[in-house]
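Peer 1: What follows is a single structure, and I will ask about it in a moment.
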Amino acid sequence: MTETDKSPEVQGPNREAGNARQLDPSRREFLNKGLSATGWGLVMTLGVAGAVETVRFFSPSVVFRPPSTFEVGKLEDFASEAAPDERGIILVEPKWKDAHRFFILREPTRLSALYARCTHLGCTVNWFPGLNIFKCPCHGSQFHSDGVNFAGPAPRALDLLRISMDSEGNIIVDTSVVYPREDHSKPGAYIEI
Ligand code: FES
């Protein structure tokens with residue numbers, strides 16, 4: 001006797017109902033479609049997840065920097081054979097004055113970012129290499145090459161901005177962090193060379 005033979009035989013109305021269930025084409029079609037949709041959904045999900053992982057694997061890692069920070073180059077970009085002037089400054093780099101309002105100052109053992117904002121009423125100072133001084137176009141304040149004021153209404157020296165070096169040697173200036181002159185030796189106000 002087979003397993004099929006052992007099954008109790010369904011009699012009467014139940015037998016008809018069982019046959020109806022077996023033969024109901026709309027129900028079978030619905031189930032088939034549902035299973036098919038679930039299967040395709042799973043395949044699509046796995047496919048998208050795999051594609052995302054592949055892109056992430058081959059993409060270079062992105063380093064986020066706040067919008068107030070700017071890469072200005074590497075230490076070797078500020079090399080100079082010049083002797084320090086009477087204020088100890090070897091180089092004043094004005095390249096970022098117009099766009100970002102700072103100068104890079106190079107001294108024998110440090111690099112700093114000088115904020116070009118006049119300490120009188122906030123105009124942007126200009127660098128005059130022939131005179132070796134900064135001048136403010138608004139009310140005539142003047143500053144030595146290290147930013148210390150010596151003429152005009154400016155009440156104090158120009159400030160410094162935060163400067164740092166990342167793990168790849170890129171020098172970063174952050175214009176959102178300001179160091180007044182008395183803090184010019186604090187960590188972050190300069191890079192040791
Ligand atoms: S704003 Fe610079 S001297 Fe007045």
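The way I read the labels, and the way they are meant: chains A, B, ... in the order of the structure tokens, residue 1 as the first residue of every chain, and ligand 1 as the first ligand shown, with later ones counted on from there.
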Show me which residues sit within 12 Å of ligand 1 when counting only C-alpha atoms and all ligand atoms, and put them as a PyMOL selection string.
Peer 2: chain A and resi 116-126+134-143+149-158
Peer 1: Just how far from atom CA of A:Leu91 is atom CA of A:Glu71, in Å to one decimal?
Peer 2: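 Distance reported for this atom pair: 18.1 Å.
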Peer 1: What's around A:Gly130 at 12 Å? Count only C-alpha atoms, leave out sequence neighbours fewer than 3 positions away in its own chain, and write the answer as a ChimeraX atom specification.
Peer 2: /A:92,127,133-134,145
Peer 1: Among the residues of stretch 97-187 of chain A, find those DSSP assigns to alpha helix (DSSP H) from the backbone and print them as a PyMOL selection string.
Peer 2: chain A and resi 97-100
Peer 1: Would you write out those residues with N, CA and C atoms, as a PDB file, in the first residue's frame?
Peer 2:
```pdb
ATOM      1  N   LYS A  97      44.458  86.593  -0.732  1.00  0.00           N
ATOM      2  CA  LYS A  97      43.875  87.804  -0.108  1.00  0.00           C
ATOM      3  C   LYS A  97      42.516  88.159  -0.715  1.00  0.00           C
ATOM      4  N   ASP A  98      42.426  88.192  -2.035  1.00  0.00           N
ATOM      5  CA  ASP A  98      41.174  88.625  -2.669  1.00  0.00           C
ATOM      6  C   ASP A  98      40.030  87.631  -2.437  1.00  0.00           C
ATOM      7  N   ALA A  99      40.313  86.355  -2.593  1.00  0.00           N
ATOM      8  CA  ALA A  99      39.233  85.358  -2.506  1.00  0.00           C
ATOM      9  C   ALA A  99      38.893  84.989  -1.068  1.00  0.00           C
ATOM     10  N   HIS A 100      39.906  84.910  -0.201  1.00  0.00           N
ATOM     11  CA  HIS A 100      39.648  84.371   1.139  1.00  0.00           C
ATOM     12  C   HIS A 100      40.144  85.254   2.278  1.00  0.00           C
TER      13      HIS A 100
END
```
Peer 1: With distances taken over only C-alpha atoms, which residue among A:Asp146, A:Leu75, A:Asp166, A:Val178 lies nearest A:Gly88?
Peer 2: A:Asp146
Peer 1: Tell me which of A:Arg181, A:Lys186, A:His144, A:Arg106 sits closest to A:Ala79, counting only C-alpha atoms.
Peer 2: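 Smallest distance to A:Ala79 is found for A:Arg106.
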Peer 1: Between A:Leu160, A:Leu131, A:Ala189, A:Val148, which residue has the minimum interatomic distance to A:Tyr115, considering only C-alpha atoms?
Peer 2: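 Of A:Leu160, A:Leu131, A:Ala189, A:Val148, the one nearest A:Tyr115, counting only C-alpha atoms, is A:Leu160.
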Peer 1: Measure the distance from atom CA of A:Asp174 to atom CA of A:Gly73 in Å and round it to one decimal.
Peer 2: 13.6 Å
Peer 1: Interatomic distance between atom CA of A:Ala83 and atom CA of A:Ile104?
Peer 2: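 Between atom CA of A:Ala83 and atom CA of A:Ile104 the gap is 16.6 Å.
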Peer 1: For A:Glu107, list every protein, DNA or RNA residue within 6 Å, evaluated using only C-alpha atoms, and leave out those in the same chain fewer than 2 positions away; present the list as a PyMOL selection string.
Peer 2: chain A and resi 89-90+109-110
